[in-house]
Each structure stands twice: as C-alpha cells, then as structure tokens.
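See below for input-v7.cif, which holds mmCIF, C-alpha atoms and all ligand atoms.
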```
data_query
loop_
_atom_site.group_PDB
_atom_site.id
_atom_site.type_symbol
_atom_site.label_atom_id
_atom_site.label_comp_id
_atom_site.auth_asym_id
_atom_site.auth_seq_id
_atom_site.Cartn_x
_atom_site.Cartn_y
_atom_site.Cartn_z
ATOM 1 C CA MET A 150 0.000 0.000 0.000
ATOM 2 C CA SER A 151 1.226 3.465 -0.864
ATOM 3 C CA ILE A 152 -0.403 6.871 -1.092
ATOM 4 C CA GLN A 153 0.874 9.666 -3.280
ATOM 5 C CA VAL A 154 -0.777 13.059 -2.869
ATOM 6 C CA ASN A 155 0.051 15.457 -5.696
ATOM 7 C CA ASN A 156 -0.611 19.206 -5.752
ATOM 8 C CA LEU A 157 -3.845 18.918 -3.789
ATOM 9 C CA THR A 158 -5.914 22.101 -3.590
ATOM 10 C CA HIS A 159 -9.303 22.474 -1.906
ATOM 11 C CA ILE A 160 -11.506 25.558 -1.749
ATOM 12 C CA TYR A 161 -14.665 25.694 0.373
ATOM 13 C CA SER A 162 -17.536 27.817 -0.994
ATOM 14 C CA GLU A 163 -15.571 28.690 -4.108
ATOM 15 C CA GLY A 164 -16.680 31.900 -5.772
ATOM 16 C CA MET A 165 -18.672 33.006 -2.717
ATOM 17 C CA PRO A 166 -17.652 36.059 -0.684
ATOM 18 C CA HIS A 167 -16.675 33.765 2.217
ATOM 19 C CA GLN A 168 -14.650 31.274 0.149
ATOM 20 C CA SER A 169 -11.798 29.591 1.994
ATOM 21 C CA VAL A 170 -8.686 28.050 0.452
ATOM 22 C CA ALA A 171 -8.281 25.158 2.880
ATOM 23 C CA LEU A 172 -5.532 23.284 0.977
ATOM 24 C CA GLU A 173 -3.051 24.722 -1.467
ATOM 25 C CA ASP A 174 -0.765 22.595 -3.623
ATOM 26 C CA VAL A 175 -0.141 19.891 -1.012
ATOM 27 C CA THR A 176 2.229 17.110 -2.121
ATOM 28 C CA PHE A 177 3.572 14.155 -0.095
ATOM 29 C CA SER A 178 3.680 10.377 -0.038
ATOM 30 C CA ALA A 179 3.157 7.634 2.538
ATOM 31 C CA ASP A 180 4.384 4.066 2.360
ATOM 32 C CA ASP A 181 3.541 0.738 3.928
ATOM 33 C CA GLY A 182 3.570 0.665 7.700
ATOM 34 C CA GLN A 183 4.458 4.323 8.182
ATOM 35 C CA PHE A 184 3.087 6.289 11.113
ATOM 36 C CA ILE A 185 2.480 9.830 9.962
ATOM 37 C CA GLY A 186 1.700 12.682 12.334
ATOM 38 C CA ILE A 187 -0.146 15.756 11.066
ATOM 39 C CA ILE A 188 0.208 18.977 13.036
ATOM 40 C CA GLY A 189 -0.677 22.617 12.443
ATOM 41 C CA HIS A 190 -2.570 25.497 14.000
ATOM 42 C CA THR A 191 -6.355 25.494 14.237
ATOM 43 C CA GLY A 192 -7.817 25.958 10.776
ATOM 44 C CA SER A 193 -4.562 25.041 8.988
ATOM 45 C CA GLY A 194 -6.275 22.351 6.893
ATOM 46 C CA LYS A 195 -5.533 19.094 8.759
ATOM 47 C CA SER A 196 -9.102 17.757 8.815
ATOM 48 C CA THR A 197 -9.711 18.865 5.240
ATOM 49 C CA LEU A 198 -6.588 16.988 4.166
ATOM 50 C CA VAL A 199 -7.499 13.713 5.871
ATOM 51 C CA GLN A 200 -11.061 13.841 4.559
ATOM 52 C CA HIS A 201 -9.585 13.825 1.055
ATOM 53 C CA LEU A 202 -7.527 10.743 1.795
ATOM 54 C CA ASN A 203 -10.587 8.495 1.956
ATOM 55 C CA GLY A 204 -12.487 10.306 -0.752
ATOM 56 C CA LEU A 205 -14.940 12.101 1.530
ATOM 57 C CA LEU A 206 -14.056 15.431 -0.075
ATOM 58 C CA LYS A 207 -13.183 16.066 -3.714
ATOM 59 C CA PRO A 208 -10.324 18.455 -4.420
ATOM 60 C CA LYS A 209 -10.495 21.438 -6.725
ATOM 61 C CA SER A 210 -7.291 20.138 -8.306
ATOM 62 C CA GLY A 211 -4.581 17.579 -7.699
ATOM 63 C CA THR A 212 -4.572 13.804 -7.397
ATOM 64 C CA ILE A 213 -4.440 11.160 -4.679
ATOM 65 C CA VAL A 214 -3.012 7.903 -5.947
ATOM 66 C CA VAL A 215 -3.693 4.942 -3.661
ATOM 67 C CA SER A 216 -1.694 1.877 -4.726
ATOM 68 C CA GLY A 217 -1.812 2.954 -8.355
ATOM 69 C CA THR A 218 -5.447 4.194 -8.445
ATOM 70 C CA ASP A 219 -6.236 7.897 -8.588
ATOM 71 C CA ILE A 220 -9.156 8.132 -6.156
ATOM 72 C CA THR A 221 -10.037 11.646 -7.324
ATOM 73 C CA ALA A 222 -10.833 10.346 -10.819
ATOM 74 C CA SER A 223 -14.472 9.973 -11.833
ATOM 75 C CA GLY A 224 -15.803 6.428 -11.872
ATOM 76 C CA VAL A 225 -13.777 5.227 -8.902
ATOM 77 C CA VAL A 226 -15.902 3.078 -6.577
ATOM 78 C CA MET A 227 -15.687 4.866 -3.238
ATOM 79 C CA ARG A 228 -16.803 1.772 -1.350
ATOM 80 C CA ASP A 229 -13.575 0.044 -2.424
ATOM 81 C CA ILE A 230 -11.534 3.025 -1.272
ATOM 82 C CA ARG A 231 -13.248 3.257 2.136
ATOM 83 C CA ARG A 232 -12.697 -0.450 2.624
ATOM 84 C CA LYS A 233 -8.953 0.220 2.422
ATOM 85 C CA ILE A 234 -8.848 3.601 4.112
ATOM 86 C CA GLY A 235 -10.645 4.034 7.437
ATOM 87 C CA LEU A 236 -11.265 7.468 8.899
ATOM 88 C CA VAL A 237 -11.993 8.039 12.585
ATOM 89 C CA PHE A 238 -13.544 11.509 12.844
ATOM 90 C CA GLN A 239 -13.101 13.932 15.702
ATOM 91 C CA TYR A 240 -15.403 12.860 18.559
ATOM 92 C CA PRO A 241 -16.344 9.599 16.776
ATOM 93 C CA GLU A 242 -18.557 8.553 19.686
ATOM 94 C CA TYR A 243 -21.201 10.984 18.403
ATOM 95 C CA GLN A 244 -21.690 8.544 15.535
ATOM 96 C CA LEU A 245 -22.532 5.540 17.699
ATOM 97 C CA PHE A 246 -26.135 4.648 17.029
ATOM 98 C CA GLU A 247 -26.881 0.937 17.505
ATOM 99 C CA GLU A 248 -28.564 -0.610 20.557
ATOM 100 C CA THR A 249 -25.555 -2.707 21.503
ATOM 101 C CA VAL A 250 -21.791 -2.408 21.293
ATOM 102 C CA GLU A 251 -21.658 -5.589 19.230
ATOM 103 C CA LYS A 252 -24.065 -4.232 16.597
ATOM 104 C CA ASP A 253 -22.248 -0.939 16.420
ATOM 105 C CA VAL A 254 -18.829 -2.487 15.815
ATOM 106 C CA ALA A 255 -20.356 -4.969 13.345
ATOM 107 C CA PHE A 256 -22.008 -2.251 11.265
ATOM 108 C CA GLY A 257 -18.952 -1.404 9.125
ATOM 109 C CA PRO A 258 -17.849 -4.974 8.334
ATOM 110 C CA LEU A 259 -21.463 -6.029 7.571
ATOM 111 C CA ASN A 260 -21.666 -3.096 5.184
ATOM 112 C CA LEU A 261 -18.595 -4.413 3.413
ATOM 113 C CA GLY A 262 -20.628 -7.528 2.627
ATOM 114 C CA LEU A 263 -18.730 -9.917 4.913
ATOM 115 C CA ASP A 264 -20.573 -12.993 6.201
ATOM 116 C CA GLU A 265 -21.790 -13.108 9.794
ATOM 117 C CA ALA A 266 -19.173 -15.577 11.013
ATOM 118 C CA GLU A 267 -16.358 -13.367 9.714
ATOM 119 C CA VAL A 268 -18.009 -10.259 11.165
ATOM 120 C CA SER A 269 -18.318 -11.920 14.550
ATOM 121 C CA VAL A 270 -14.595 -12.772 14.560
ATOM 122 C CA ARG A 271 -13.725 -9.239 13.556
ATOM 123 C CA VAL A 272 -15.900 -7.658 16.254
ATOM 124 C CA ARG A 273 -14.188 -9.717 18.967
ATOM 125 C CA GLU A 274 -10.748 -8.969 17.577
ATOM 126 C CA ALA A 275 -11.413 -5.222 17.223
ATOM 127 C CA LEU A 276 -12.791 -4.937 20.773
ATOM 128 C CA ASP A 277 -9.793 -6.859 22.035
ATOM 129 C CA LEU A 278 -7.411 -4.545 20.148
ATOM 130 C CA VAL A 279 -8.987 -1.455 21.694
ATOM 131 C CA GLY A 280 -8.664 -3.036 25.130
ATOM 132 C CA LEU A 281 -12.327 -3.834 25.815
ATOM 133 C CA ASP A 282 -13.554 -7.182 27.126
ATOM 134 C CA TYR A 283 -15.977 -8.632 24.578
ATOM 135 C CA GLU A 284 -17.913 -10.763 27.090
ATOM 136 C CA GLU A 285 -18.318 -7.847 29.436
ATOM 137 C CA ILE A 286 -19.350 -5.238 26.934
ATOM 138 C CA HIS A 287 -20.874 -6.654 23.754
ATOM 139 C CA GLU A 288 -24.501 -6.585 24.910
ATOM 140 C CA ARG A 289 -24.334 -3.200 26.577
ATOM 141 C CA SER A 290 -25.735 -0.044 25.047
ATOM 142 C CA PRO A 291 -22.888 2.148 23.741
ATOM 143 C CA PHE A 292 -24.707 5.117 25.266
ATOM 144 C CA ASP A 293 -24.265 3.776 28.809
ATOM 145 C CA LEU A 294 -20.459 3.642 28.600
ATOM 146 C CA SER A 295 -17.885 6.156 29.845
ATOM 147 C CA GLY A 296 -16.522 8.752 27.422
ATOM 148 C CA GLY A 297 -13.258 6.842 26.963
ATOM 149 C CA GLN A 298 -15.088 3.536 26.427
ATOM 150 C CA LYS A 299 -17.449 5.091 23.871
ATOM 151 C CA ARG A 300 -14.448 6.480 21.989
ATOM 152 C CA ARG A 301 -12.847 3.023 21.908
ATOM 153 C CA VAL A 302 -16.028 1.343 20.683
ATOM 154 C CA ALA A 303 -16.269 3.918 17.902
ATOM 155 C CA ILE A 304 -12.638 3.313 16.924
ATOM 156 C CA ALA A 305 -13.206 -0.467 17.087
ATOM 157 C CA GLY A 306 -15.951 -0.028 14.471
ATOM 158 C CA VAL A 307 -13.373 1.332 12.016
ATOM 159 C CA ILE A 308 -10.652 -1.154 12.983
ATOM 160 C CA ALA A 309 -13.089 -4.042 12.414
ATOM 161 C CA MET A 310 -13.030 -3.146 8.718
ATOM 162 C CA LYS A 311 -9.271 -3.878 8.764
ATOM 163 C CA PRO A 312 -8.299 -0.782 6.817
ATOM 164 C CA GLU A 313 -4.838 -0.751 5.263
ATOM 165 C CA VAL A 314 -4.738 2.930 6.120
ATOM 166 C CA LEU A 315 -6.161 4.171 9.418
ATOM 167 C CA ILE A 316 -6.704 7.897 9.806
ATOM 168 C CA LEU A 317 -7.396 9.305 13.260
ATOM 169 C CA ASP A 318 -8.431 12.953 13.522
ATOM 170 C CA GLU A 319 -7.610 14.136 17.059
ATOM 171 C CA PRO A 320 -8.601 10.815 18.655
ATOM 172 C CA THR A 321 -7.783 11.949 22.205
ATOM 173 C CA ALA A 322 -9.615 15.302 22.102
ATOM 174 C CA GLY A 323 -11.580 15.921 25.295
ATOM 175 C CA LEU A 324 -10.380 12.798 27.126
ATOM 176 C CA ASP A 325 -8.906 12.834 30.643
ATOM 177 C CA PRO A 326 -5.172 12.003 30.996
ATOM 178 C CA LYS A 327 -5.748 8.303 31.720
ATOM 179 C CA ALA A 328 -8.167 7.803 28.804
ATOM 180 C CA HIS A 329 -5.810 9.849 26.611
ATOM 181 C CA GLN A 330 -2.913 7.474 27.375
ATOM 182 C CA ASP A 331 -5.170 4.429 26.929
ATOM 183 C CA VAL A 332 -6.244 5.557 23.466
ATOM 184 C CA LEU A 333 -2.620 6.214 22.450
ATOM 185 C CA LYS A 334 -1.566 2.798 23.680
ATOM 186 C CA MET A 335 -4.434 1.291 21.750
ATOM 187 C CA ILE A 336 -3.297 3.049 18.553
ATOM 188 C CA GLU A 337 0.215 1.676 19.063
ATOM 189 C CA THR A 338 -1.191 -1.824 19.569
ATOM 190 C CA VAL A 339 -3.301 -1.595 16.414
ATOM 191 C CA HIS A 340 -0.341 -0.332 14.409
ATOM 192 C CA ALA A 341 1.920 -3.143 15.668
ATOM 193 C CA HIS A 342 -0.783 -5.744 14.959
ATOM 194 C CA GLU A 343 -2.159 -4.567 11.622
ATOM 195 C CA LYS A 344 1.042 -2.982 10.258
ATOM 196 C CA ASN A 345 -1.155 -0.438 8.484
ATOM 197 C CA ILE A 346 -0.329 3.125 7.513
ATOM 198 C CA ILE A 347 -1.523 5.447 10.259
ATOM 199 C CA PHE A 348 -2.245 9.151 9.950
ATOM 200 C CA LEU A 349 -2.649 10.817 13.335
ATOM 201 C CA VAL A 350 -3.876 14.410 13.488
ATOM 202 C CA SER A 351 -3.030 15.953 16.835
ATOM 203 C CA HIS A 352 -2.324 19.198 18.662
ATOM 204 C CA ASN A 353 -0.229 17.257 21.171
ATOM 205 C CA MET A 354 3.438 17.551 20.200
ATOM 206 C CA ASN A 355 4.513 15.015 22.854
ATOM 207 C CA ASP A 356 2.326 12.322 21.298
ATOM 208 C CA ILE A 357 3.393 13.121 17.757
ATOM 209 C CA ALA A 358 7.108 13.192 18.650
ATOM 210 C CA ARG A 359 6.769 9.859 20.429
ATOM 211 C CA MET A 360 4.752 7.985 17.836
ATOM 212 C CA ALA A 361 5.342 9.349 14.341
ATOM 213 C CA ASP A 362 7.956 8.213 11.817
ATOM 214 C CA LYS A 363 7.187 11.240 9.689
ATOM 215 C CA ILE A 364 5.447 14.531 10.413
ATOM 216 C CA LEU A 365 3.476 16.779 8.070
ATOM 217 C CA VAL A 366 3.226 20.389 9.256
ATOM 218 C CA MET A 367 0.295 22.386 7.865
ATOM 219 C CA ASP A 368 0.118 26.169 7.931
ATOM 220 C CA SER A 369 -2.794 28.090 6.386
ATOM 221 C CA GLY A 370 -3.565 25.288 3.924
ATOM 222 C CA LYS A 371 0.043 24.711 2.875
ATOM 223 C CA LEU A 372 2.293 21.804 3.727
ATOM 224 C CA VAL A 373 5.272 23.735 5.068
ATOM 225 C CA MET A 374 7.392 20.945 6.566
ATOM 226 C CA HIS A 375 7.632 17.236 5.968
ATOM 227 C CA GLY A 376 10.207 15.117 7.747
ATOM 228 C CA THR A 377 11.189 12.985 10.710
ATOM 229 C CA PRO A 378 10.382 14.269 14.232
ATOM 230 C CA GLU A 379 14.071 15.170 14.631
ATOM 231 C CA GLU A 380 14.036 17.207 11.409
ATOM 232 C CA VAL A 381 10.752 18.970 12.120
ATOM 233 C CA PHE A 382 11.417 19.801 15.767
ATOM 234 C CA SER A 383 14.886 21.138 14.954
ATOM 235 C CA ARG A 384 13.105 24.113 13.319
ATOM 236 C CA GLU A 385 11.827 25.655 16.529
ATOM 237 C CA GLU A 386 11.664 29.278 15.356
ATOM 238 C CA GLU A 387 9.524 28.437 12.348
ATOM 239 C CA LEU A 388 7.251 26.235 14.456
ATOM 240 C CA THR A 389 6.838 28.977 17.052
ATOM 241 C CA SER A 390 5.946 31.502 14.367
ATOM 242 C CA MET A 391 3.113 29.144 13.361
ATOM 243 C CA GLY A 392 1.841 28.878 16.930
ATOM 244 C CA LEU A 393 3.376 25.428 17.481
ATOM 245 C CA ALA A 394 5.690 24.355 20.287
ATOM 246 C CA LEU A 395 8.408 21.788 20.892
ATOM 247 C CA PRO A 396 7.495 18.631 22.819
ATOM 248 C CA GLU A 397 7.681 19.247 26.609
ATOM 249 C CA PRO A 398 10.865 17.186 27.254
ATOM 250 C CA ALA A 399 12.672 19.275 24.597
ATOM 251 C CA GLN A 400 11.416 22.493 26.209
ATOM 252 C CA LEU A 401 12.594 21.365 29.636
ATOM 253 C CA MET A 402 16.052 20.385 28.414
ATOM 254 C CA LYS A 403 16.349 23.663 26.541
ATOM 255 C CA LEU A 404 15.743 25.540 29.810
ATOM 256 C CA ALA A 405 18.371 23.397 31.516
ATOM 257 C CA ARG A 406 20.808 24.181 28.676
ATOM 258 C CA GLN A 407 20.123 27.879 29.107
ATOM 259 C CA LYS A 408 21.097 27.478 32.781
ATOM 260 C CA GLY A 409 24.459 26.146 31.603
ATOM 261 C CA LEU A 410 23.786 22.422 31.975
ATOM 262 C CA PRO A 411 25.441 20.282 29.280
ATOM 263 C CA PHE A 412 22.401 18.804 27.540
ATOM 264 C CA ASP A 413 22.873 18.635 23.784
ATOM 265 C CA GLY A 414 20.330 16.784 21.667
ATOM 266 C CA SER A 415 16.723 16.945 20.613
ATOM 267 C CA PHE A 416 15.077 15.168 23.617
ATOM 268 C CA LEU A 417 11.794 14.546 21.870
ATOM 269 C CA ARG A 418 10.663 11.791 24.240
ATOM 270 C CA VAL A 419 10.518 11.704 28.032
ATOM 271 C CA GLU A 420 12.851 8.685 27.989
ATOM 272 C CA ASP A 421 15.533 10.683 26.100
ATOM 273 C CA ALA A 422 15.488 13.449 28.710
ATOM 274 C CA GLU A 423 15.347 10.921 31.555
ATOM 275 C CA GLU A 424 18.426 9.094 30.265
ATOM 276 C CA ALA A 425 20.416 12.328 29.817
ATOM 277 C CA LEU A 426 19.478 13.465 33.349
ATOM 278 C CA TYR A 427 20.374 10.059 34.767
ATOM 279 C CA GLN A 428 23.792 10.065 33.056
ATOM 280 C CA PHE A 429 24.393 13.613 34.261
ATOM 281 C CA LEU A 430 23.454 12.867 37.874
ATOM 282 C CA LYS A 431 25.604 9.721 37.860
ATOM 283 C CA LYS A 432 28.731 11.692 37.017
ATOM 284 C CA ASP A 433 31.181 12.246 39.886
ATOM 285 C CA SER A 434 31.478 15.896 38.978
ATOM 286 C CA PHE A 435 27.929 16.484 40.199
ATOM 287 C CA LYS A 436 28.515 15.018 43.666
HETATM 288 N N1 LIG B 501 -17.377 22.909 5.754
HETATM 289 C C1 LIG B 501 -16.635 24.017 5.630
HETATM 290 N N2 LIG B 501 -17.093 25.086 4.955
HETATM 291 C C2 LIG B 501 -16.345 26.208 4.798
HETATM 292 N N3 LIG B 501 -15.090 26.342 5.297
HETATM 293 C C3 LIG B 501 -14.594 25.312 5.986
HETATM 294 C C4 LIG B 501 -15.324 24.086 6.188
HETATM 295 N N4 LIG B 501 -14.566 23.238 6.921
HETATM 296 C C5 LIG B 501 -13.401 23.893 7.157
HETATM 297 N N5 LIG B 501 -13.420 25.123 6.607
HETATM 298 C C6 LIG B 501 -12.328 26.112 6.631
HETATM 299 O O1 LIG B 501 -11.189 25.501 6.020
HETATM 300 C C7 LIG B 501 -9.999 25.811 6.749
HETATM 301 C C8 LIG B 501 -9.345 24.519 7.206
HETATM 302 O O2 LIG B 501 -10.188 23.878 8.168
HETATM 303 P P1 LIG B 501 -9.832 22.469 8.793
HETATM 304 O O3 LIG B 501 -11.002 22.048 9.623
HETATM 305 O O4 LIG B 501 -9.362 21.564 7.739
HETATM 306 O O5 LIG B 501 -8.597 22.863 9.746
HETATM 307 P P2 LIG B 501 -7.921 22.037 10.937
HETATM 308 O O6 LIG B 501 -6.463 22.249 10.805
HETATM 309 O O7 LIG B 501 -8.405 20.633 10.931
HETATM 310 O O8 LIG B 501 -8.464 22.801 12.223
HETATM 311 P P3 LIG B 501 -8.659 22.260 13.752
HETATM 312 O O9 LIG B 501 -7.294 22.025 14.314
HETATM 313 O O10 LIG B 501 -9.356 23.419 14.403
HETATM 314 O O11 LIG B 501 -9.517 21.022 13.695
HETATM 315 C C9 LIG B 501 -10.426 26.740 7.881
HETATM 316 O O12 LIG B 501 -10.228 28.058 7.465
HETATM 317 C C10 LIG B 501 -11.899 26.440 8.055
HETATM 318 O O13 LIG B 501 -12.588 27.569 8.541
#
```
Produce structure tokens that represent the structure in this file.
Amino acid sequence: MSIQVNNLTHIYSEGMPHQSVALEDVTFSADDGQFIGIIGHTGSGKSTLVQHLNGLLKPKSGTIVVSGTDITASGVVMRDIRRKIGLVFQYPEYQLFEETVEKDVAFGPLNLGLDEAEVSVRVREALDLVGLDYEEIHERSPFDLSGGQKRRVAIAGVIAMKPEVLILDEPTAGLDPKAHQDVLKMIETVHAHEKNIIFLVSHNMNDIARMADKILVMDSGKLVMHGTPEEVFSREEELTSMGLALPEPAQLMKLARQKGLPFDGSFLRVEDAEEALYQFLKKDSFK
C-alpha cells in the first residue's frame, strides 16, 4: 500500500464572498507501515486533508493515488476506497447509534458484505485490540459507557473493517489524561498488529514526537514541513511563528541548557530526557 498526494488544492464555498482556500498545492507520499503525524494550527487544513484521503471530499485540483489508483478520478468506486482507508472523525462517539456495542462495531464490516461468522470474529478482535472485554461489553448499550469507552467502541468499528490505512483525527480530544494514554496505547497496539499506515492528526506535540515516523506540518492550507520528528522539531523558530511548540521534554532540556547544563540533543521523548538526566546525575562531577 502506498499513497501519493500530488498538488492537492481544496476551496470551500468557491466563488462566494466567504470562500476559503483550505488546501493549497499539497504534495507528499506515505508508504507501507508508516506512522504519519499531522500537526498545524487550528484551521490550517488538517481535517480537510485527511477527509480527502478516503475520498470524503473532492479536491479542486490535484490527485491522490492509492496503490496505483487515482481516487479523485471519476468512476472510482468509493466503497472500495473506504474499505482500504478508514477514517476516525473527531469525537467519533457521536456517531454511535446501535442498541448494543456488538451491533455498532459490526455495522462497518457487515456493510462491506462480509458474512456473519467473519463479522463476529472481527468484532471480537477489534474490541480486544482497543482493550475492551468482549464478554463484558458486547450486549451493553454504547450510550451507557464512559466517554473513553465510547471512543474506543467507535474506533473499534473502524478497525473491524481492517483498513490498510487508518486515519485518526484528534482521537484523544476531550479525554482525561488516563483515557488519553489508553487511546494512544491502543493506537500503538493496532499499528503493531495490523502494520497499516496510520495518519494521526493531533495538537499534542509530545504524542506526535513519540509515535510518528514522519510529520506533516500544515500552515494556512500549505504543507510547510515534511520530515522525521528530529528534522521537524529542529526548526523551533519556524514552528513557534506558526503557533506550534516543541514537545515538553525538549522544552525542559532547553531551559536546563540555558542554565548552563550540558544537555545537547533533541530530547523529543521523556525517555531521552530521563536518560540524559540520569547520566548527568551519575557523574562524579555532580557530587
Ligand atoms: N465545511 C466548511 N465550509 C467552509 N469552510 C470550511 C469548512 N470546513 C473547514 N473550513 C475552513 O477551512 C480551513 C481549514 O479547516 P480544517 O477544519 O481543515 O482545519 P484544521 O487544521 O483541521 O483545524 P482544527 O485544528 O481546528 O480542527 C479553515 O479556514 C476552516 O474555517
């Protein structure tokens, strides 16, 4: 599986006084198994971009080639595309609608035309992957669950379709710290298990720095940076000018450096900063 996005441009309400150029000439590619983080200020075009990736929006111009097929071309069967590319919207729990968790998670795979036995296997597997106990939860109403549980059921519904590309648009928005960590862990588990391409849209630089292989940085509809976390977060001034910040461990170590402590490096993850502090404290010179 590969995705090649070429010169993608999208304009909302084109020709109207309030028209908005949400994407302008965006070009990038994603390959098998990559974990791609998408960051950018509010209104920079992140959601618009990911809605193009599964054909939900049509661009004004540009192409999106998914394993050799241009999904923006007329005549493409969108059902085939959505089978391969699953999109978890912001606050996906608002889209739960069935009487039971089981029926809700089964909805997508049944819609793909899979037989009931296969759907049943997939529902169990998807609930397991999102860390929910099938026996305990499958007959419950999704509306009686906690916020974090509802979110996981909604994500399980997309995972049960076994998409080769899984897009998550701010999947931890509005969750408390524990549920936030649980959802991230769940995404890591799914990625390790399914080996799919993941696109994660997030305002949380710590999460993106920790999880992504590659980062796309959007600014006012343009893709302004595209690289590894190390490459992207080495451009602090540009990020700051766009209203973005470094991950917290990097900020902390920068403060320590400003106080004269010898911490050179990018320190994108807590573990990196922890190790540097440990090595520093171990040194005799500090005693
Ligand atoms: N349905 C719509 N109709 C008109 N304009 C829209 C629509 N959806 C988004 N826009 C505009 O397109 C631009 C990009 O919006 P988009 O939602 O893609 O940004 P975003 O980066 O996902 O923002 P956020 O971080 O707040 O979710 C914004 O200027 C927004 O106001």
Picked residues, the PyMOL selection byres (((chain A and resi 351) around 12) and not hetatm), expected as a compact mmCIF listing (two decimals) with C-alpha atoms, in the coordinates of the input:
```
# COMPACT_ATOMS: atom_id res chain seq x y z
CA ILE A 185 2.48 9.83 9.96
CA GLY A 186 1.70 12.68 12.33
CA ILE A 187 -0.15 15.76 11.07
CA ILE A 188 0.21 18.98 13.04
CA GLY A 189 -0.68 22.62 12.44
CA HIS A 190 -2.57 25.50 14.00
CA THR A 191 -6.36 25.49 14.24
CA LYS A 195 -5.53 19.09 8.76
CA SER A 196 -9.10 17.76 8.82
CA GLN A 239 -13.10 13.93 15.70
CA ILE A 316 -6.70 7.90 9.81
CA LEU A 317 -7.40 9.30 13.26
CA ASP A 318 -8.43 12.95 13.52
CA GLU A 319 -7.61 14.14 17.06
CA PRO A 320 -8.60 10.82 18.66
CA THR A 321 -7.78 11.95 22.20
CA ALA A 322 -9.62 15.30 22.10
CA HIS A 329 -5.81 9.85 26.61
CA LEU A 333 -2.62 6.21 22.45
CA PHE A 348 -2.24 9.15 9.95
CA LEU A 349 -2.65 10.82 13.34
CA VAL A 350 -3.88 14.41 13.49
CA HIS A 352 -2.32 19.20 18.66
CA ASN A 353 -0.23 17.26 21.17
CA MET A 354 3.44 17.55 20.20
CA ASN A 355 4.51 15.02 22.85
CA ASP A 356 2.33 12.32 21.30
CA ILE A 357 3.39 13.12 17.76
CA ALA A 358 7.11 13.19 18.65
CA MET A 360 4.75 7.98 17.84
CA ALA A 361 5.34 9.35 14.34
CA ILE A 364 5.45 14.53 10.41
CA LEU A 365 3.48 16.78 8.07
CA VAL A 366 3.23 20.39 9.26
CA MET A 367 0.30 22.39 7.86
CA LEU A 393 3.38 25.43 17.48
```
Selection result for the PyMOL selection byres (((chain A and resi 251) around 12) and not hetatm) on this file, as a PyMOL selection string
chain A and resi 245-250+252-259+268-276+281-291+302-303+305-306+309
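For the file at hand, the PyMOL selection byres (((chain A and resi 181) around 6) and not hetatm) resolves to Met150, Ser151, Asp180, Gly182, Gln183 and Ile346 of chain A.
Taking atom CA of A:Leu426 and atom CA of A:Phe412 as endpoints, the distance between them is 8.4 Å.
Among the candidates A:Gly217, A:Gly370, A:Gly235, A:Pro166, the one nearest to ligand LIG 501 (chain B) when counting all atoms listed in the file is A:Gly370.
Counting only C-alpha atoms and all ligand atoms, the residue from A:Glu379, A:Gly392, A:Phe184, A:Val332 that sits nearest to ligand LIG 501 (chain B) is A:Gly392.
Taking atom CA of A:Gly296 and atom CA of A:Gly323 as endpoints, the distance between them is 9.0 Å.
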Calculated over only C-alpha atoms and all ligand atoms, which of the candidates A:Asp174, A:Asn156, A:Lys371, A:Ala422 has the smallest distance to ligand LIG 501 (chain B)?
A:Lys371
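Computed from the coordinates, the atom CA of A:Met402 to atom CA of A:Glu386 distance equals 16.4 Å.
Comparing the minimum interatomic distances between ligand LIG 501 (chain B) and each of A:Leu404, A:Leu198, A:Val154, A:Leu278, counting only C-alpha atoms and all ligand atoms, we find that A:Leu198 sits nearest.
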Of the residues A:Arg300, A:Arg359, A:His159, A:Lys432, which is the one nearest to A:Phe416, using all atoms listed in the file?
A:Arg359
Skipping near chain neighbours, those fewer than 3 positions away, what residues fall within 8 Å of A:Tyr161 using only C-alpha atoms, listed as an MDAnalysis selection string?
chainID A and resid 168:171
